[in-house]
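Here is the file coords17.cif (mmCIF, C-alpha atoms).
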data_data
loop_
_atom_site.label_atom_id
_atom_site.label_comp_id
_atom_site.auth_asym_id
_atom_site.auth_seq_id
_atom_site.Cartn_x
_atom_site.Cartn_y
_atom_site.Cartn_z
CA MET A 1 193.00 37.97 71.25
CA THR A 2 191.61 34.62 72.38
CA THR A 3 193.49 31.73 73.89
CA ARG A 4 192.34 28.13 73.64
CA THR A 5 193.94 25.53 75.84
CA GLN A 6 193.59 21.94 74.69
CA PRO A 7 192.81 19.35 77.36
CA SER A 8 196.03 18.05 78.82
CA ARG A 9 196.80 14.70 80.30
CA PRO A 10 196.32 14.21 84.07
CA ALA A 11 198.94 15.29 86.56
CA GLU A 12 202.29 13.55 86.55
CA VAL A 13 202.19 10.00 87.84
CA THR A 14 204.37 9.21 90.84
CA PRO A 15 206.53 6.06 90.93
CA ALA A 16 204.34 4.65 93.70
CA GLN A 17 201.23 5.14 91.60
CA ARG A 18 202.85 3.52 88.59
CA TRP A 19 203.82 0.38 90.48
CA LEU A 20 200.47 0.15 92.24
CA ALA A 21 198.69 0.41 88.87
CA ARG A 22 200.96 -2.28 87.43
CA LEU A 23 200.30 -4.47 90.46
CA ALA A 24 196.56 -4.06 89.89
CA PHE A 25 196.87 -5.31 86.30
CA VAL A 26 199.22 -8.16 87.23
CA ALA A 27 196.91 -9.32 90.01
CA ALA A 28 193.82 -9.05 87.77
CA PHE A 29 195.47 -11.08 85.00
CA ALA A 30 196.74 -13.57 87.58
CA ALA A 31 193.20 -14.03 88.94
CA ILE A 32 192.01 -14.90 85.43
CA ALA A 33 195.06 -17.09 84.78
CA VAL A 34 194.50 -19.08 87.98
CA LEU A 35 190.91 -19.75 86.94
CA ILE A 36 191.91 -20.89 83.46
CA ALA A 37 194.96 -22.90 84.54
CA GLY A 38 193.26 -24.53 87.49
CA ALA A 39 189.85 -25.18 85.96
CA GLY A 40 190.29 -24.97 82.18
CA LEU A 41 186.96 -24.63 80.42
CA ARG A 42 185.28 -25.19 83.76
CA SER A 43 186.44 -21.70 84.78
CA ILE A 44 183.55 -20.22 82.80
CA ALA A 45 181.16 -22.50 84.65
CA LEU A 46 182.71 -21.44 87.97
CA VAL A 47 182.08 -17.75 87.25
CA VAL A 48 178.54 -18.37 86.04
CA LEU A 49 177.83 -20.65 89.01
CA GLY A 50 179.06 -18.02 91.47
CA VAL A 51 176.97 -15.24 89.94
CA VAL A 52 173.90 -17.47 89.81
CA GLY A 53 174.41 -18.53 93.41
CA ILE A 54 174.56 -14.93 94.64
CA ALA A 55 171.53 -13.95 92.54
CA VAL A 56 169.50 -16.90 93.86
CA ALA A 57 170.45 -16.07 97.45
CA LEU A 58 169.39 -12.43 97.00
CA ALA A 59 166.13 -13.37 95.31
CA ALA A 60 165.37 -15.88 98.06
CA THR A 61 166.12 -13.28 100.72
CA TRP A 62 163.65 -10.90 99.08
CA SER A 63 161.06 -13.70 98.95
CA PHE A 64 161.65 -14.40 102.65
CA LEU A 65 160.93 -10.77 103.49
CA ALA A 66 158.00 -10.41 101.09
CA HIS A 67 155.99 -13.49 102.06
CA ARG A 68 154.63 -15.25 105.11
CA GLY A 69 154.02 -18.84 106.09
CA ALA A 70 155.56 -21.85 104.36
CA LEU A 71 156.90 -19.85 101.39
CA ARG A 72 158.83 -17.59 103.76
CA TRP A 73 160.63 -20.47 105.42
CA LEU A 74 161.22 -22.26 102.13
CA SER A 75 162.84 -19.07 100.87
CA ALA A 76 165.02 -18.94 103.99
CA VAL A 77 166.24 -22.47 103.27
CA VAL A 78 167.06 -21.53 99.66
CA ALA A 79 168.87 -18.31 100.72
CA VAL A 80 171.15 -20.31 103.03
CA ALA A 81 171.49 -23.33 100.75
CA ALA A 82 172.40 -21.48 97.52
CA PRO A 83 175.91 -20.36 98.55
CA LEU A 84 176.48 -23.67 100.36
CA VAL A 85 175.60 -25.61 97.20
CA VAL A 86 178.02 -23.48 95.16
CA LEU A 87 180.72 -24.07 97.76
CA GLY A 88 179.95 -27.81 97.85
CA LEU A 89 180.17 -28.14 94.07
CA ASP A 90 183.54 -26.38 94.10
CA VAL A 91 184.80 -28.79 96.76
CA TRP A 92 183.37 -31.81 94.92
CA ALA A 93 185.13 -30.73 91.74
CA GLY A 94 188.39 -30.13 93.62
CA LEU A 95 188.35 -26.47 92.58
CA LEU A 96 187.89 -24.72 95.92
CA TRP A 97 191.53 -23.64 95.99
CA VAL A 98 191.09 -22.16 92.52
CA VAL A 99 188.14 -20.06 93.65
CA VAL A 100 189.85 -18.90 96.84
CA ALA A 101 193.10 -18.02 95.05
CA SER A 102 191.30 -16.19 92.26
CA LEU A 103 189.17 -14.16 94.67
CA ALA A 104 192.24 -13.27 96.73
CA LEU A 105 194.07 -12.03 93.64
CA ALA A 106 191.00 -10.05 92.56
CA GLY A 107 190.98 -8.42 95.99
CA VAL A 108 194.65 -7.48 95.62
CA ALA A 109 193.90 -5.99 92.19
CA GLY A 110 191.08 -3.89 93.57
CA ALA A 111 193.08 -2.68 96.58
CA ALA A 112 196.12 -1.77 94.49
CA GLY A 113 194.00 -0.04 91.86
CA ARG A 114 192.14 2.08 94.37
CA ALA A 115 195.39 2.99 96.12
CA ALA A 116 196.87 4.13 92.80
CA LEU A 117 193.79 6.17 91.91
CA SER A 118 193.52 7.74 95.36
CA ARG A 119 196.93 9.37 94.78
CA ASP A 120 195.95 10.61 91.32
CA ARG A 121 195.36 14.13 92.58
CA PRO A 122 195.69 15.97 95.87
CA ALA A 123 193.05 14.92 98.38
CA ARG A 124 189.96 17.06 98.28
CA PRO A 125 190.41 19.69 100.96
CA GLY A 126 188.33 19.27 104.07
CA PRO A 127 185.93 21.83 105.48
CA VAL A 128 187.46 25.25 106.16
CA GLU A 129 188.40 25.65 109.82
CA TYR A 130 187.60 29.07 111.25
CA PRO A 131 189.05 30.53 114.46
CA ALA A 132 186.84 29.98 117.49
CA ALA A 133 186.22 33.05 119.61
CA PRO A 134 186.08 32.64 123.41
CA VAL A 135 182.64 32.01 124.92
CA ARG A 136 181.38 33.23 128.26
CA HIS A 137 178.20 31.27 128.82
CA PRO A 138 178.14 27.80 127.17
CA PHE A 139 174.91 25.86 127.69
CA PHE A 140 174.57 22.07 127.31
CA VAL A 141 171.49 19.88 127.05
CA MET A 142 172.31 16.36 128.26
CA ASN A 143 170.14 13.25 128.19
CA PRO A 144 171.28 10.83 130.94
CA ARG A 145 169.39 7.96 129.25
CA SER A 146 171.00 8.25 125.81
CA GLY A 147 173.54 5.67 124.74
CA GLY A 148 172.94 3.50 127.78
CA GLY A 149 173.79 6.28 130.22
CA LYS A 150 176.99 7.71 128.70
CA VAL A 151 176.45 11.10 130.32
CA LYS A 152 176.94 9.67 133.82
CA THR A 153 179.36 6.92 132.77
CA PHE A 154 181.81 9.50 131.40
CA GLY A 155 180.86 12.27 133.85
CA LEU A 156 180.04 14.63 131.00
CA ASP A 157 177.83 16.88 133.11
CA GLU A 158 180.49 17.36 135.78
CA LYS A 159 183.30 17.90 133.27
CA ALA A 160 181.28 20.46 131.31
CA ALA A 161 180.36 22.31 134.51
CA ALA A 162 184.02 22.37 135.52
CA LEU A 163 184.72 24.25 132.28
CA GLY A 164 182.13 26.89 133.16
CA ALA A 165 179.16 25.49 131.25
CA GLU A 166 175.56 25.50 132.40
CA VAL A 167 174.13 21.98 132.12
CA ALA A 168 170.46 21.01 131.83
CA LEU A 169 169.78 17.30 132.39
CA LEU A 170 166.68 15.85 130.70
CA GLU A 171 165.57 13.89 133.75
CA GLY A 172 161.87 14.77 133.68
CA PRO A 173 159.34 14.41 135.04
CA GLY A 174 157.40 14.39 131.79
CA VAL A 175 158.59 15.39 128.35
CA VAL A 176 160.94 18.37 128.14
CA ASP A 177 160.71 20.72 125.16
CA VAL A 178 164.41 20.97 124.30
CA VAL A 179 163.78 23.65 121.66
CA GLU A 180 162.22 25.98 124.23
CA LEU A 181 164.93 25.02 126.69
CA ALA A 182 167.63 26.07 124.22
CA ARG A 183 165.83 29.27 123.21
CA ASP A 184 165.41 30.25 126.85
CA ALA A 185 169.15 29.68 127.40
CA VAL A 186 170.00 31.99 124.48
CA ALA A 187 167.60 34.62 125.84
CA ARG A 188 169.46 34.44 129.15
CA GLY A 189 172.79 35.06 127.48
CA ALA A 190 174.06 31.65 126.32
CA ASP A 191 176.60 32.20 123.55
CA LEU A 192 177.14 28.49 122.75
CA LEU A 193 174.73 25.56 122.67
CA GLY A 194 175.76 21.94 123.02
CA VAL A 195 174.11 18.52 123.22
CA ALA A 196 175.08 15.22 124.78
CA GLY A 197 172.36 12.93 123.48
CA GLY A 198 170.88 11.30 120.42
CA ASP A 199 170.96 12.65 116.88
CA GLY A 200 167.31 13.69 117.12
CA THR A 201 167.97 15.91 120.15
CA GLN A 202 171.08 17.29 118.46
CA ALA A 203 169.03 18.29 115.41
CA LEU A 204 166.49 20.18 117.52
CA VAL A 205 169.12 22.18 119.40
CA ALA A 206 171.21 22.67 116.24
CA GLY A 207 168.19 24.37 114.69
CA VAL A 208 168.09 26.87 117.57
CA ALA A 209 171.85 27.46 117.31
CA ALA A 210 171.53 28.17 113.58
CA GLU A 211 168.51 30.41 114.19
CA HIS A 212 170.45 32.59 116.63
CA GLY A 213 173.87 32.33 114.99
CA VAL A 214 175.62 30.84 118.02
CA PRO A 215 178.15 27.99 117.79
CA PHE A 216 177.08 24.41 118.44
CA VAL A 217 179.00 21.59 120.15
CA VAL A 218 178.33 17.85 119.80
CA LEU A 219 179.21 15.33 122.50
CA SER A 220 178.89 11.74 121.27
CA ALA A 221 176.66 10.44 124.05
CA GLY A 222 173.95 8.87 121.85
CA THR A 223 173.60 5.33 120.55
CA ARG A 224 174.74 5.74 116.93
CA ASN A 225 176.28 9.23 116.95
CA HIS A 226 176.26 9.49 113.14
CA PHE A 227 176.59 13.28 113.20
CA ALA A 228 179.54 13.12 115.59
CA LEU A 229 181.17 10.47 113.39
CA ASP A 230 180.95 12.63 110.27
CA LEU A 231 182.36 15.61 112.18
CA GLY A 232 185.44 13.53 112.88
CA LEU A 233 184.82 13.18 116.63
CA ASP A 234 185.89 10.21 118.74
CA ARG A 235 182.68 8.31 119.48
CA ASP A 236 184.43 6.01 121.95
CA ASP A 237 185.64 8.89 124.12
CA PRO A 238 182.81 11.46 124.43
CA PRO A 239 184.68 13.79 126.86
CA THR A 240 187.18 14.66 124.12
CA GLY A 241 184.38 16.66 122.50
CA LEU A 242 184.69 19.15 125.34
CA GLY A 243 188.04 20.12 123.86
CA ALA A 244 185.96 22.35 121.60
CA LEU A 245 185.63 24.73 124.59
CA THR A 246 189.33 24.95 125.36
CA ASP A 247 191.09 24.43 122.01
CA GLY A 248 188.47 24.42 119.31
CA VAL A 249 187.88 25.51 115.73
CA GLU A 250 184.66 26.18 113.85
CA LEU A 251 183.26 24.33 110.86
CA HIS A 252 180.36 25.75 108.86
CA VAL A 253 178.20 22.75 107.94
CA ASP A 254 174.90 22.28 106.15
CA LEU A 255 171.54 21.51 107.70
CA GLY A 256 168.70 19.55 106.15
CA VAL A 257 165.19 20.94 106.44
CA ILE A 258 162.04 18.86 106.15
CA ASN A 259 158.77 20.80 106.29
CA ASP A 260 160.51 23.49 108.41
CA ARG A 261 162.04 20.92 110.78
CA ILE A 262 165.82 20.54 110.96
CA PHE A 263 167.64 17.25 110.46
CA VAL A 264 171.40 16.66 110.73
CA ASN A 265 171.58 13.14 109.27
CA ASN A 266 168.65 11.89 107.21
CA ALA A 267 164.93 11.51 106.69
CA SER A 268 163.53 8.14 105.67
CA PHE A 269 160.24 7.40 103.93
CA GLY A 270 158.41 4.20 103.17
CA ALA A 271 158.96 0.78 104.72
CA TYR A 272 161.32 1.80 107.52
CA ALA A 273 159.17 4.72 108.67
CA GLU A 274 156.00 2.59 108.54
CA ILE A 275 157.56 -0.16 110.63
CA VAL A 276 159.02 2.15 113.28
CA GLN A 277 155.62 3.81 113.75
CA SER A 278 153.98 0.50 114.66
CA PRO A 279 153.02 0.42 118.36
CA ASP A 280 154.48 -3.10 118.61
CA TYR A 281 157.90 -2.15 117.21
CA ARG A 282 159.51 -1.07 120.49
CA ASP A 283 158.71 -4.36 122.25
CA ASP A 284 159.41 -6.71 119.31
CA LYS A 285 161.51 -5.13 116.58
CA VAL A 286 162.29 -8.31 114.60
CA GLY A 287 158.82 -9.83 114.85
CA THR A 288 157.08 -6.57 113.93
CA THR A 289 159.39 -6.03 110.96
CA LEU A 290 158.82 -9.54 109.59
CA GLN A 291 155.07 -9.19 110.08
CA LEU A 292 154.74 -5.84 108.28
CA LEU A 293 157.32 -6.15 105.50
CA PRO A 294 155.33 -8.45 103.17
CA ASP A 295 152.49 -5.95 102.76
CA LEU A 296 154.90 -3.01 102.51
CA LEU A 297 157.08 -4.64 99.83
CA THR A 298 154.15 -5.76 97.71
CA GLY A 299 152.30 -2.45 97.95
CA HIS A 300 149.36 -3.82 99.95
CA ARG A 301 150.13 -1.58 102.89
CA GLY A 302 151.33 1.98 103.19
CA PRO A 303 150.82 4.99 100.91
CA HIS A 304 151.89 5.13 97.27
CA LEU A 305 154.95 7.40 97.27
CA THR A 306 156.44 9.60 94.56
CA ALA A 307 159.75 11.39 95.07
CA ARG A 308 161.03 14.20 92.84
CA ALA A 309 164.60 15.48 93.07
CA ASP A 310 165.05 19.02 91.72
CA GLY A 311 162.27 18.33 89.24
CA ARG A 312 164.63 16.27 87.05
CA VAL A 313 164.55 12.82 88.68
CA THR A 314 161.28 11.10 89.57
CA ILE A 315 161.08 7.92 91.64
CA GLU A 316 157.69 6.24 91.28
CA ALA A 317 156.22 3.95 93.94
CA PRO A 318 159.46 3.28 95.87
CA GLN A 319 159.38 0.98 98.87
CA ALA A 320 161.89 3.25 100.58
CA VAL A 321 163.43 6.69 100.09
CA LEU A 322 166.35 8.10 102.05
CA VAL A 323 167.08 11.84 101.92
CA SER A 324 170.30 12.81 103.68
CA ASN A 325 172.06 16.01 104.69
CA ASN A 326 174.88 15.56 102.12
CA PRO A 327 175.30 12.19 100.36
CA TYR A 328 176.61 9.06 102.02
CA GLY A 329 179.58 7.16 100.66
CA THR A 330 179.40 5.17 97.44
CA GLY A 331 177.28 2.05 97.81
CA ASP A 332 175.68 3.02 101.13
CA VAL A 333 171.96 2.78 100.39
CA ALA A 334 170.86 2.57 104.01
CA GLY A 335 172.48 5.63 105.54
CA LEU A 336 174.46 3.51 107.97
CA GLY A 337 177.91 4.58 106.82
CA ARG A 338 179.74 7.89 106.62
CA ARG A 339 179.46 11.14 104.75
CA GLY A 340 182.80 12.39 103.52
CA ARG A 341 181.66 16.02 103.72
CA LEU A 342 178.91 17.98 105.45
CA ASP A 343 179.39 21.20 103.49
CA GLN A 344 178.66 20.32 99.85
CA GLY A 345 175.33 22.14 99.83
CA VAL A 346 173.33 19.19 98.46
CA LEU A 347 171.00 16.49 99.70
CA GLY A 348 171.77 12.84 99.06
CA VAL A 349 168.81 10.92 97.60
CA VAL A 350 168.43 7.13 97.47
CA GLY A 351 165.27 5.39 96.29
CA ILE A 352 164.65 1.62 96.23
CA THR A 353 161.89 0.02 94.17
CA VAL A 354 161.82 -3.77 94.27
CA SER A 355 158.64 -5.55 93.26
CA ASN A 356 159.90 -9.07 92.57
CA ALA A 357 162.75 -11.49 93.19
CA ALA A 358 164.41 -10.72 89.84
CA GLN A 359 164.72 -7.03 90.74
CA ALA A 360 166.10 -7.97 94.15
CA ALA A 361 168.84 -9.98 92.46
CA GLY A 362 169.37 -7.15 89.96
CA LEU A 363 170.31 -4.75 92.76
CA LEU A 364 173.74 -6.37 92.52
CA ARG A 365 174.41 -4.03 89.59
CA ARG A 366 173.05 -0.96 91.44
CA GLN A 367 171.32 0.44 88.39
CA HIS A 368 168.17 2.53 88.11
CA THR A 369 166.52 -0.13 85.97
CA ASN A 370 167.12 -2.69 88.69
CA GLY A 371 165.32 -0.76 91.37
CA LEU A 372 167.94 1.63 92.75
CA VAL A 373 168.20 5.39 92.22
CA ALA A 374 171.01 7.40 93.80
CA THR A 375 171.46 11.11 93.11
CA THR A 376 171.94 14.51 94.73
CA ALA A 377 169.61 17.51 94.77
CA ARG A 378 168.94 20.86 96.39
CA GLN A 379 165.24 20.06 96.87
CA VAL A 380 163.32 16.80 97.18
CA ILE A 381 159.52 16.60 97.24
CA VAL A 382 157.93 13.39 98.50
CA ASP A 383 154.21 13.11 97.76
CA ALA A 384 151.72 10.36 98.44
CA ASP A 385 148.11 9.33 97.93
CA SER A 386 147.37 10.08 101.60
CA ALA A 387 147.15 13.30 103.58
CA GLU A 388 149.90 12.25 106.02
CA ILE A 389 152.81 9.85 105.87
CA PRO A 390 155.20 8.50 108.50
CA VAL A 391 158.76 9.80 108.29
CA GLY A 392 161.84 8.78 110.24
CA ILE A 393 163.83 11.96 111.02
CA ASP A 394 167.26 11.30 112.51
CA GLY A 395 165.91 8.02 113.89
CA GLU A 396 162.69 9.45 115.36
CA SER A 397 159.32 8.61 113.85
CA VAL A 398 156.83 11.40 113.10
CA SER A 399 153.83 11.95 110.82
CA LEU A 400 153.98 14.81 108.31
CA PRO A 401 151.39 16.28 105.94
CA THR A 402 152.01 15.72 102.24
CA PRO A 403 153.66 16.82 100.10
CA VAL A 404 156.82 16.73 102.20
CA HIS A 405 159.50 19.23 101.16
CA CYS A 406 163.16 18.55 101.88
CA THR A 407 165.74 21.28 101.28
CA ILE A 408 169.32 22.07 102.25
CA ARG A 409 170.64 25.12 104.09
CA PRO A 410 174.31 25.41 103.08
CA GLY A 411 176.70 26.44 105.85
CA ALA A 412 173.85 27.25 108.22
CA LEU A 413 175.40 25.76 111.37
CA ARG A 414 178.58 26.88 113.12
CA VAL A 415 179.87 23.68 114.70
CA ARG A 416 182.72 24.01 117.17
CA VAL A 417 184.95 20.93 117.31
CA PRO A 418 188.27 20.13 119.00
CA ARG A 419 191.28 21.17 116.95
CA GLU A 420 192.66 17.63 117.28
CA ARG A 421 190.18 14.90 116.30
CA PRO A 422 190.30 11.56 114.44
CA GLY A 423 188.93 13.07 111.22
CA VAL A 424 186.90 11.64 108.35
CA PRO A 425 188.61 9.24 105.91
CA VAL A 426 188.80 10.19 102.25
CA ALA A 427 186.18 8.40 100.18
CA LYS A 428 187.50 5.54 98.07
CA PRO A 429 187.63 6.39 94.36
CA PRO A 430 185.72 4.19 91.87
CA MET A 431 187.79 1.76 89.82
CA ASN A 432 188.82 3.27 86.49
CA TRP A 433 190.83 0.78 84.44
CA ALA A 434 191.42 3.28 81.63
CA ARG A 435 193.12 5.67 84.03
CA LEU A 436 195.04 2.78 85.61
CA ARG A 437 196.34 1.87 82.16
CA GLU A 438 197.62 5.43 81.73
CA GLN A 439 199.32 5.22 85.11
CA ALA A 440 200.88 1.83 84.42
CA LEU A 441 202.41 2.69 81.04
CA PRO A 442 205.58 4.82 80.67
CA THR A 443 204.94 8.53 80.26
CA ALA A 444 204.77 9.83 76.71
CA GLY A 445 206.34 13.19 77.54
CA PRO A 446 205.17 16.48 78.99
CA ALA A 447 201.67 17.79 78.46
CA VAL A 448 201.26 19.93 75.38
CA VAL A 449 199.38 23.22 75.46
CA HIS A 450 198.21 24.61 72.10
CA ARG A 451 197.44 28.29 71.78
CA SER A 452 195.76 30.07 68.94
CA THR A 453 195.29 33.78 68.58
CA GLY A 454 192.87 35.78 66.58
#

Show this structure as C-alpha cells.
Amino acid sequence: MTTRTQPSRPAEVTPAQRWLARLAFVAAFAAIAVLIAGAGLRSIALVVLGVVGIAVALAATWSFLAHRGALRWLSAVVAVAAPLVVLGLDVWAGLLWVVVASLALAGVAGAAGRAALSRDRPARPGPVEYPAAPVRHPFFVMNPRSGGGKVKTFGLDEKAAALGAEVALLEGPGVVDVVELARDAVARGADLLGVAGGDGTQALVAGVAAEHGVPFVVLSAGTRNHFALDLGLDRDDPPTGLGALTDGVELHVDLGVINDRIFVNNASFGAYAEIVQSPDYRDDKVGTTLQLLPDLLTGHRGPHLTARADGRVTIEAPQAVLVSNNPYGTGDVAGLGRRGRLDQGVLGVVGITVSNAAQAAGLLRRQHTNGLVATTARQVIVDADSAEIPVGIDGESVSLPTPVHCTIRPGALRVRVPRERPGVPVAKPPMNWARLREQALPTAGPAVVHRSTG
C-alpha cells in the first residue's frame, strides 16, 4: 500500500497576520494612489527620476573610487549633486510632499508585510543548548590593548581570577604565540580556554579548544566583537560573558578553515586584503584606500582571482570575495552585519565584480548579471595567477599560497555562553506578495489531504 499526500496550504493564518497582510496591501495601494492623485501623469516621471537619480549617484560613486585626479573630484560632485537635483526638482514642482508621503506609506507596507510573514510559521529554533559541566582549571588569554583597553577598563582579568581562572595577559615584550600559550595551558590541565581580545586572537585559541575538545569562552573585549555578537553576547558589558563560568550552557558551533588555519568570522580576498597589506594603511587608512582602489577596481593591480563554490558556482575576476563561517543576513555583502546562525554547516560566499559605472548602478538589483554573487557552499577554492595572495582573516592580513581552500567544520567548537544573554534576532523574511495575498483573503476552508492506495 502506498500513500500520497497532496501539498496542503500553509499553516492557519492568525488574525494578527491577516490584518497585518491587509495593512500591507492598503498601504502599498495608498502609496501608489498618493503618487497618482498628487502628481497625475507626473507620477511616472517622479518614479523614473528617483531611480535615475539613485543610479547616477551610484555610478558616480564608483567613478570616484575608480579614478584619480580631476575625474575623481568631478565624480564626487555628481554623486552629491544627483540626489540634490532630484530633491530640488520635486520642490520646484511642488511635489515634495507627494514623494515623502508615498515613501512613508511604502515603508509602512514593507514593515507590515514582513511582520505578517515573520509569523507565518514558528521561528526557526536556535542552536541546541547543552548542559555545561563544571570546570576546575579555566584559562584565559587577555589582550590589554584590544578594544581601547577594555580588559583593564572592565577589570576582566581580576574578575576572571576571582572565579578561579588562570589569566595570561599579552603584555609582551615581543610577540606572544597565543596558540602555543593555549596548548601549554591544556597540557598543564586547563579544561576550558577563553579569550578577551580581538576576533583574530579568538580564532587562534578557538582552534586549540576544538583540537583538544575543551569548551571555549568569548569575552567581548575587542573592537568589533563580531563573533561575540553572533553568539548573542552583550558587547557593551564584557564582564557578563564570565557568567558562562557560573551559570552557562554550551553551544556547538561551526568553524571555518582556510588552508588549515581557523577563522570564526570571515576571510576576505581582493581589494580589501590588498589595501590592508599596504605598509601605509595603518598610518593613513583613507588616503591609502583612495590611492590604491583605482588600480584594484580596473584590474591594473592585484592578482586575477577565480573563486569556485562546491564546483558549481564560478566567480571570474572578482574585485572582492568574502567567505564567511555561515552566511550573513540578506543584503549584507560586506560582512559587517550579523549571522542568524553559526551551526548551519555551510560557508557564506559573496563575490563582487564591477568593471564600469553601469554595473555599479546595477548592483541596486543585487543580481549575478550586475556584478554580485551570493551563495552558500561546503568548500570554496580561490585561485589566482600568482603564487601568493593577500587574505584578510578575521580582520588580520596574511599572505597565503594559492590555491586557497576554504572549508567548514560543522559543530567543531564547544562554546560556553551565559544562560541569560541578549540573543540573536530572527532574520527578516523576504517580501512575498503572493503569500501576503493568501494571508489577507478569507480562508477557503481546512486543508485537504488526498490518499490513494494500491

(request) Write out as a VMD selection string which residues come within 10 Å of range 138-146 of chain A when counting only C-alpha atoms, dropping same-chain ones fewer than 2 positions away. (result) chain A and resid 135 to 136 148 to 153 156 to 157 160 to 161 163 to 171 178 181 to 182 185 to 186 189 to 199 201 to 202 205 214 to 224 245

(request) Compare A:Leu242, A:Ala377, A:Ala133, A:Ile258 by their minimum atom-to-atom distance to Lys159 in chain A, counting all atoms listed in the file, and give me the closest one. (result) A:Leu242

(message) Which residues would end up in the selection if the PyMOL selection byres ((chain A and resi 23) around 10) were applied here, given that I need the answer as number ranges by chain?
(response) A: 17-22, 24-29, 108-113, 116, 440

Dump as a CSV table (one decimal), in the coordinates of the input, selection limited to C-alpha atoms:
chain,number,residue,atom,x,y,z
A,17,GLN,CA,201.2,5.1,91.6
A,18,ARG,CA,202.8,3.5,88.6
A,19,TRP,CA,203.8,0.4,90.5
A,20,LEU,CA,200.5,0.2,92.2
A,21,ALA,CA,198.7,0.4,88.9
A,22,ARG,CA,201.0,-2.3,87.4
A,24,ALA,CA,196.6,-4.1,89.9
A,25,PHE,CA,196.9,-5.3,86.3
A,26,VAL,CA,199.2,-8.2,87.2
A,27,ALA,CA,196.9,-9.3,90.0
A,28,ALA,CA,193.8,-9.0,87.8
A,29,PHE,CA,195.5,-11.1,85.0
A,108,VAL,CA,194.6,-7.5,95.6
A,109,ALA,CA,193.9,-6.0,92.2
A,110,GLY,CA,191.1,-3.9,93.6
A,111,ALA,CA,193.1,-2.7,96.6
A,112,ALA,CA,196.1,-1.8,94.5
A,113,GLY,CA,194.0,0.0,91.9
A,116,ALA,CA,196.9,4.1,92.8
A,440,ALA,CA,200.9,1.8,84.4

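Of the residues listed (A:Glu250, A:Asp90, A:Asp184, A:Asp230), A:Glu250 shows the shortest atom-to-atom separation from Glu129 in chain A; distances use all atoms listed in the file.
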
(request) Using the chain letters and residue numbers of this document, give as a PyMOL selection string the residues selected by the PyMOL selection byres ((chain A and resi 83) around 12). (result) chain A and resi 49-58+60+77-82+84-90

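Closest to Glu388 in chain A among A:Gly207, A:Pro327, A:Pro422, A:Pro303 is A:Pro303, based on only C-alpha atoms.
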
(request) Could you check which of A:Val380, A:Val398, A:Ala374, A:Val99 is closest to Ile36 in chain A, using only C-alpha atoms? (result) A:Val99

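Here CA of Cys406 in chain A stands at a distance of 14.6 Å from CA of Leu305 in chain A.
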
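For the atom pair formed by CA of Thr375 in chain A and CA of Pro318 in chain A, the distance is 14.6 Å, given to one decimal.
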
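The space separating CA of Ala76 in chain A from CA of Ala59 in chain A comes to 10.4 Å.
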
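Residues matching the PyMOL selection byres ((chain A and resi 339-344) around 7) in this structure come to Pro127, Asp230, Val253, Asp254, Asn326, Pro327, Tyr328, Gly329, Arg338, Gly345, Val346, Pro410, Gly411, Val424, Val426 and Ala427 of chain A.
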
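Nearest residue to Ile315 in chain A, choosing from A:Val34, A:Ala271, A:Val48, A:Val382 and counting all atoms listed in the file: A:Val382.
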
(message) Env of Gly213 in chain A: 8 Å cut, atoms = all atoms listed in the file, seq-sep filter 3 positions within chain, self excluded. Answer as a ChimeraX atom specification.
(response) /A:209-210,413-414

Could you write out the selected residues, including C-alpha atoms, as a PDB file, in the frame of the given file?
ATOM      1  CA  ALA A 209     171.850  27.460 117.310  1.00  0.00           C
ATOM      2  CA  ALA A 210     171.530  28.170 113.580  1.00  0.00           C
ATOM      3  CA  LEU A 413     175.400  25.760 111.370  1.00  0.00           C
ATOM      4  CA  ARG A 414     178.580  26.880 113.120  1.00  0.00           C
TER       5      ARG A 414
END

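Restricting the calculation to all atoms listed in the file, the smallest distance between Arg409 in chain A and any of A:Leu372, A:Ile262, A:Leu441, A:Ala267 is found for A:Ile262.
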
Quick one: axis-aligned box around all listed atoms of range 156-165 of chain A, 3 Å on every side, centre and edge lengths in Å to one decimal, written as lines of an AutoDock Vina configuration file.
center_x = 181.3
center_y = 20.8
center_z = 133.4
size_x = 12.9
size_y = 18.3
size_z = 10.8

(request) List every protein, DNA or RNA residue that has at least one atom no more than 7 Å from (190.8, 3.3, 91.2) in the file's coordinates, counting only C-alpha atoms, and write the result as a list in words. (result) Gly113, Arg114, Ala115, Ala116, Leu117, Ser118, Pro429, Pro430, Met431 and Asn432 of chain A
